[in-house]
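S.K.: File model-v5.cif follows (mmCIF, C-alpha atoms):
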data_query
loop_
_atom_site.label_atom_id
_atom_site.label_comp_id
_atom_site.auth_asym_id
_atom_site.auth_seq_id
_atom_site.Cartn_x
_atom_site.Cartn_y
_atom_site.Cartn_z
CA MET B 1 3.02 -6.82 95.24
CA VAL B 2 1.69 -5.88 91.83
CA PRO B 3 4.57 -4.80 89.59
CA ILE B 4 4.40 -1.28 88.25
CA TYR B 5 6.04 -0.72 84.90
CA GLU B 6 7.64 2.47 83.74
CA LYS B 7 8.51 3.60 80.25
CA PRO B 8 11.82 2.27 78.93
CA GLY B 9 14.72 4.52 79.81
CA ALA B 10 12.97 5.95 82.87
CA VAL B 11 15.83 4.74 85.10
CA LYS B 12 19.12 6.56 84.66
CA VAL B 13 22.26 5.11 86.25
CA ARG B 14 25.22 7.41 86.87
CA PRO B 15 28.35 7.51 89.01
CA ALA B 16 27.55 8.52 92.56
CA ASP B 17 28.87 11.77 93.96
CA PRO B 18 29.17 13.19 97.50
CA GLY B 19 25.84 15.00 97.09
CA ASP B 20 24.07 11.64 96.95
CA LEU B 21 25.02 10.78 100.54
CA ASP B 22 21.68 11.58 102.20
CA ALA B 23 19.66 9.51 99.73
CA VAL B 24 22.11 6.59 99.77
CA LEU B 25 22.29 6.64 103.57
CA ALA B 26 18.49 6.66 103.83
CA ILE B 27 18.21 3.61 101.56
CA ARG B 28 21.04 1.81 103.33
CA ASN B 29 19.72 2.52 106.82
CA HIS B 30 16.21 1.46 105.81
CA ALA B 31 17.70 -1.89 104.74
CA VAL B 32 19.51 -2.15 108.08
CA GLU B 33 16.28 -1.54 110.01
CA HIS B 34 13.83 -3.55 107.93
CA SER B 35 15.59 -6.30 105.99
CA THR B 36 18.17 -9.03 106.18
CA ALA B 37 20.12 -7.61 103.24
CA LEU B 38 22.71 -6.10 105.60
CA TRP B 39 23.63 -8.29 108.54
CA THR B 40 23.85 -5.54 111.11
CA GLU B 41 21.29 -3.83 113.27
CA THR B 42 23.37 -0.65 113.62
CA LYS B 43 22.49 2.19 111.30
CA GLN B 44 25.30 4.27 109.82
CA THR B 45 25.72 7.79 111.12
CA PRO B 46 26.16 10.56 108.55
CA ALA B 47 29.91 10.65 109.31
CA GLU B 48 30.25 6.87 108.92
CA GLY B 49 28.18 6.98 105.73
CA ALA B 50 30.33 9.78 104.31
CA ALA B 51 33.53 7.80 104.97
CA TRP B 52 32.00 4.63 103.50
CA LEU B 53 30.80 6.46 100.38
CA ALA B 54 34.11 8.33 99.99
CA ALA B 55 36.01 5.03 99.85
CA HIS B 56 33.74 3.87 97.03
CA LEU B 57 34.00 7.20 95.22
CA ASP B 58 37.81 7.04 95.42
CA ARG B 59 37.68 3.55 93.91
CA GLY B 60 35.10 4.59 91.28
CA SER B 61 32.83 1.80 92.43
CA ALA B 62 29.61 3.58 93.42
CA LEU B 63 26.57 4.15 91.22
CA VAL B 64 23.14 5.62 91.80
CA ALA B 65 19.91 5.16 89.87
CA GLU B 66 17.63 8.11 89.30
CA ALA B 67 13.97 7.74 88.45
CA GLY B 68 11.42 10.50 88.48
CA GLY B 69 14.10 12.99 89.50
CA GLU B 70 14.94 11.11 92.72
CA ILE B 71 17.57 8.60 93.80
CA ALA B 72 15.79 5.26 93.52
CA GLY B 73 18.71 3.01 94.43
CA PHE B 74 22.44 2.59 94.61
CA ALA B 75 25.03 -0.07 93.89
CA VAL B 76 28.66 -0.51 94.88
CA TYR B 77 31.40 -3.03 94.51
CA ALA B 78 34.23 -3.50 96.95
CA PRO B 79 37.09 -5.91 97.50
CA TRP B 80 35.67 -9.31 98.39
CA ARG B 81 38.59 -10.01 100.74
CA GLU B 82 41.42 -7.72 101.81
CA LEU B 83 44.38 -10.06 101.12
CA GLU B 84 46.23 -9.31 97.86
CA GLY B 85 45.49 -12.76 96.46
CA PHE B 86 41.86 -11.67 96.14
CA ARG B 87 42.66 -8.33 94.46
CA HIS B 88 40.86 -9.23 91.21
CA THR B 89 37.63 -10.31 92.93
CA VAL B 90 34.96 -7.86 94.06
CA GLU B 91 31.66 -8.18 95.86
CA ASP B 92 28.58 -6.37 94.60
CA SER B 93 25.84 -4.70 96.63
CA VAL B 94 22.61 -3.43 95.06
CA TYR B 95 19.95 -1.61 97.04
CA VAL B 96 16.66 -0.21 95.78
CA ARG B 97 14.45 2.19 97.68
CA GLU B 98 11.50 0.26 99.08
CA ASP B 99 8.87 2.17 97.09
CA ARG B 100 10.80 1.55 93.84
CA HIS B 101 10.97 -2.27 93.94
CA GLY B 102 9.78 -4.05 90.80
CA LEU B 103 10.49 -1.13 88.47
CA GLY B 104 13.75 -2.29 86.89
CA VAL B 105 15.98 -0.18 89.14
CA GLY B 106 17.93 -3.18 90.45
CA SER B 107 18.46 -4.54 86.94
CA ALA B 108 19.71 -1.20 85.67
CA LEU B 109 22.09 -0.86 88.61
CA LEU B 110 23.47 -4.41 88.37
CA ALA B 111 24.02 -4.12 84.61
CA ALA B 112 25.99 -0.90 85.07
CA LEU B 113 27.91 -2.25 88.07
CA VAL B 114 29.00 -5.42 86.24
CA SER B 115 30.08 -3.31 83.27
CA SER B 116 32.02 -0.97 85.56
CA ALA B 117 33.79 -3.84 87.33
CA ARG B 118 34.70 -5.40 83.99
CA LEU B 119 36.08 -2.08 82.67
CA ALA B 120 38.11 -1.69 85.87
CA GLY B 121 39.84 -4.99 85.07
CA HIS B 122 38.30 -7.19 87.75
CA HIS B 123 38.11 -10.92 87.11
CA THR B 124 35.16 -12.09 89.22
CA VAL B 125 32.15 -10.56 90.97
CA ILE B 126 30.81 -12.32 94.06
CA ALA B 127 27.31 -11.84 95.41
CA ASP B 128 26.77 -12.81 99.05
CA ILE B 129 22.99 -12.90 99.46
CA GLU B 130 20.76 -13.85 102.38
CA ALA B 131 19.31 -17.14 101.10
CA GLY B 132 15.70 -16.05 101.66
CA ASN B 133 16.13 -13.00 99.41
CA VAL B 134 14.64 -14.69 96.34
CA ALA B 135 14.37 -11.43 94.38
CA SER B 136 18.11 -10.78 94.71
CA VAL B 137 19.02 -14.37 93.82
CA ARG B 138 16.82 -14.20 90.71
CA LEU B 139 18.23 -10.81 89.73
CA HIS B 140 21.76 -12.18 89.87
CA GLU B 141 20.76 -15.35 87.98
CA ARG B 142 19.37 -13.19 85.15
CA PHE B 143 22.82 -11.62 84.81
CA GLY B 144 24.57 -14.98 84.59
CA PHE B 145 25.70 -15.37 88.20
CA GLU B 146 26.02 -19.02 89.17
CA HIS B 147 25.16 -20.48 92.55
CA VAL B 148 28.40 -21.49 94.25
CA GLY B 149 26.99 -22.69 97.55
CA THR B 150 25.01 -21.89 100.65
CA VAL B 151 26.49 -21.56 104.10
CA ARG B 152 23.85 -22.57 106.63
CA GLU B 153 23.38 -20.38 109.70
CA ALA B 154 26.25 -18.08 108.75
CA GLY B 155 24.85 -15.06 110.58
CA ILE B 156 22.08 -13.81 112.79
CA LYS B 157 19.68 -10.89 112.63
CA PHE B 158 16.30 -10.14 114.16
CA GLY B 159 16.90 -13.06 116.53
CA ARG B 160 17.09 -15.73 113.84
CA TRP B 161 19.86 -17.57 112.02
CA LEU B 162 20.41 -16.64 108.39
CA ASP B 163 21.80 -18.72 105.53
CA LEU B 164 24.23 -17.12 103.08
CA THR B 165 23.92 -17.92 99.37
CA ILE B 166 27.12 -17.25 97.45
CA MET B 167 26.97 -16.54 93.71
CA ARG B 168 29.71 -15.65 91.24
CA LEU B 169 30.06 -14.08 87.82
CA PRO B 170 33.30 -14.43 85.86
CA LEU B 171 34.06 -11.21 84.00
CA THR B 172 36.76 -12.47 81.63
#
What would the structure in this file look like if it were written as structure tokens?
M.R.:
Amino acid sequence: MVPIYEKPGAVKVRPADPGDLDAVLAIRNHAVEHSTALWTETKQTPAEGAAWLAAHLDRGSALVAEAGGEIAGFAVYAPWRELEGFRHTVEDSVYVREDRHGLGVGSALLAALVSSARLAGHHTVIADIEAGNVASVRLHERFGFEHVGTVREAGIKFGRWLDLTIMRLPLT
């Protein structure tokens, strides 16, 4: 892929709102169908997507990136684990529309998401990334995430075993 560069400031990141559901769901379901970013082969229905997004909106942990007047990507953070001992640790998720890769959308989203998590008082952000997703690993490295480890054959999708790379960023 030949990178395409846009003028600085062309990507605007803002808090997501319920009106963003269709665009977010389209990006998320495309990732389900065509990538190993989400380890499921079941697309979200509009009702499931609305409930999922509502939980993030209630938490204040959902962002969208606009470029050229369209939603170009989204990012969320959520509790990494449900037990209260993990309450200060969140997991990030950053997704960019396929035709917007290489344009700085992911960087803009991750920068805003890390800032948001820090302002919310979280202590650590975890990134669980399919080990073959070199672009995501490099993106997180640029933001100071450190490689914690790789769990071999942690999941399966498209009939093949996937390795999980775990990265972390301390916020305090």
S.K.: Write out as a PyMOL selection string which residues come within 12 Å of region 99-109 of chain B when counting all atoms listed in the file, dropping same-chain ones fewer than 5 positions away.
M.R.: chain B and resi 1-16+27+30+61-68+70-77+92-94+114-116+135-143
S.K.: Taking C-alpha atoms for each residue, export the selection above as a compact mmCIF listing (two decimals), in the coordinates of the input.
M.R.:
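Generated output (selection-v9.txt):
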# COMPACT_ATOMS: atom_id res chain seq x y z
CA MET B 1 3.02 -6.82 95.24
CA VAL B 2 1.69 -5.88 91.83
CA PRO B 3 4.57 -4.80 89.59
CA ILE B 4 4.40 -1.28 88.25
CA TYR B 5 6.04 -0.72 84.90
CA GLU B 6 7.64 2.47 83.74
CA LYS B 7 8.51 3.60 80.25
CA PRO B 8 11.82 2.27 78.93
CA GLY B 9 14.72 4.52 79.81
CA ALA B 10 12.97 5.95 82.87
CA VAL B 11 15.83 4.74 85.10
CA LYS B 12 19.12 6.56 84.66
CA VAL B 13 22.26 5.11 86.25
CA ARG B 14 25.22 7.41 86.87
CA PRO B 15 28.35 7.51 89.01
CA ALA B 16 27.55 8.52 92.56
CA ILE B 27 18.21 3.61 101.56
CA HIS B 30 16.21 1.46 105.81
CA SER B 61 32.83 1.80 92.43
CA ALA B 62 29.61 3.58 93.42
CA LEU B 63 26.57 4.15 91.22
CA VAL B 64 23.14 5.62 91.80
CA ALA B 65 19.91 5.16 89.87
CA GLU B 66 17.63 8.11 89.30
CA ALA B 67 13.97 7.74 88.45
CA GLY B 68 11.42 10.50 88.48
CA GLU B 70 14.94 11.11 92.72
CA ILE B 71 17.57 8.60 93.80
CA ALA B 72 15.79 5.26 93.52
CA GLY B 73 18.71 3.01 94.43
CA PHE B 74 22.44 2.59 94.61
CA ALA B 75 25.03 -0.07 93.89
CA VAL B 76 28.66 -0.51 94.88
CA TYR B 77 31.40 -3.03 94.51
CA ASP B 92 28.58 -6.37 94.60
CA SER B 93 25.84 -4.70 96.63
CA VAL B 94 22.61 -3.43 95.06
CA VAL B 114 29.00 -5.42 86.24
CA SER B 115 30.08 -3.31 83.27
CA SER B 116 32.02 -0.97 85.56
CA ALA B 135 14.37 -11.43 94.38
CA SER B 136 18.11 -10.78 94.71
CA VAL B 137 19.02 -14.37 93.82
CA ARG B 138 16.82 -14.20 90.71
CA LEU B 139 18.23 -10.81 89.73
CA HIS B 140 21.76 -12.18 89.87
CA GLU B 141 20.76 -15.35 87.98
CA ARG B 142 19.37 -13.19 85.15
CA PHE B 143 22.82 -11.62 84.81
S.K.: Quick one: of B:Gly132, B:Leu53, B:His34, B:Trp39, who's nearest to Asp20 (chain B), counting only C-alpha atoms?
M.R.: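 For Asp20 (chain B), the nearest of the given residues is B:Leu53.
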S.K.: What's the separation between CA of His88 (chain B) and CA of Asn29 (chain B), in Å to one decimal place?
M.R.: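 Between CA of His88 (chain B) and CA of Asn29 (chain B) the gap works out to 28.8 Å.
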S.K.: Show which residues sit within 10 Å of Asn133 (chain B), as a list in words. Count only C-alpha atoms, and ignore same-chain residues fewer than 5 positions away.
M.R.: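 Once the adjacent positions are removed, what remains is Ser35, Thr36, Ala37, Arg138, Leu164 and Thr165 of chain B.
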S.K.: Identify, on the basis of all atoms listed in the file, every residue whose closest approach to Gly159 (chain B) does not exceed 12 Å; exclude the query and any residue fewer than 2 positions from it along the same chain; express the result as an NGL selection string.
M.R.: :B and (36 or 39-41 or 153 or 155-157 or 161-162)
S.K.: I need the residues from that last selection saved to file as a compact mmCIF listing (two decimals), in the coordinates of the input (with C-alpha atoms), if you can.
M.R.:
# COMPACT_ATOMS: atom_id res chain seq x y z
CA THR B 36 18.17 -9.03 106.18
CA TRP B 39 23.63 -8.29 108.54
CA THR B 40 23.85 -5.54 111.11
CA GLU B 41 21.29 -3.83 113.27
CA GLU B 153 23.38 -20.38 109.70
CA GLY B 155 24.85 -15.06 110.58
CA ILE B 156 22.08 -13.81 112.79
CA LYS B 157 19.68 -10.89 112.63
CA TRP B 161 19.86 -17.57 112.02
CA LEU B 162 20.41 -16.64 108.39
S.K.: Go through B:Leu57, B:Val134, B:Ala50, B:Val125 one by one, measure the shortest atom-to-atom distance of each to Arg87 (chain B) using all atoms listed in the file, and give the residue with the smallest value.
M.R.: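 Smallest separation from Arg87 (chain B) among the options: B:Val125.
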S.K.: Counting all atoms listed in the file, which of B:Glu48, B:Asp58, B:Asp128, B:Glu91 gets nearest to Ile166 (chain B)?
M.R.: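 Of B:Glu48, B:Asp58, B:Asp128, B:Glu91, the one nearest Ile166 (chain B) is B:Asp128, counting all atoms listed in the file.
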S.K.: In Å, how far is it from CA of Glu82 (chain B) to CA of Ala51 (chain B)?
M.R.: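 A separation of 17.7 Å between them.
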S.K.: Where does the PyMOL selection byres ((chain B and resi 168) around 6) land in this file, that is, which residues does it pick, as a VMD selection string?
M.R.: chain B and resid 125 to 126 145 to 146 167 169
S.K.: Could you please determine the separation between CA of Pro170 (chain B) and CA of Glu84 (chain B) in Å, to one decimal place?
M.R.: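 According to the coordinates, CA of Pro170 (chain B) and CA of Glu84 (chain B) are separated by 18.4 Å.
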S.K.: Would you give the centre and edge lengths, in Å to one decimal, of a box along x, y and z around the listed atoms of region 101-115 of chain B, with 3 Å added to each side, as lines of an AutoDock Vina configuration file?
M.R.:
center_x = 19.9
center_y = -2.8
center_z = 88.6
size_x = 26.3
size_y = 11.2
size_z = 16.7
S.K.: Would you mind telling me which residue in B:Ala154, B:Arg81, B:Leu38, B:Arg28 lies nearest to Glu98 (chain B) when using only C-alpha atoms?
M.R.: B:Arg28
S.K.: Excluding Gly49 (chain B) and its own-chain neighbours fewer than 2 positions away, which residues fall within 9 Å of it when counting only C-alpha atoms? Please give them as a PyMOL selection string.
M.R.: chain B and resi 21-22+24-25+44-47+51-54
S.K.: May I ask which of the residues B:Gly144, B:Pro79, B:Gly149, B:Pro18 is the closest one to Glu130 (chain B), counting all atoms listed in the file?
M.R.: B:Gly149
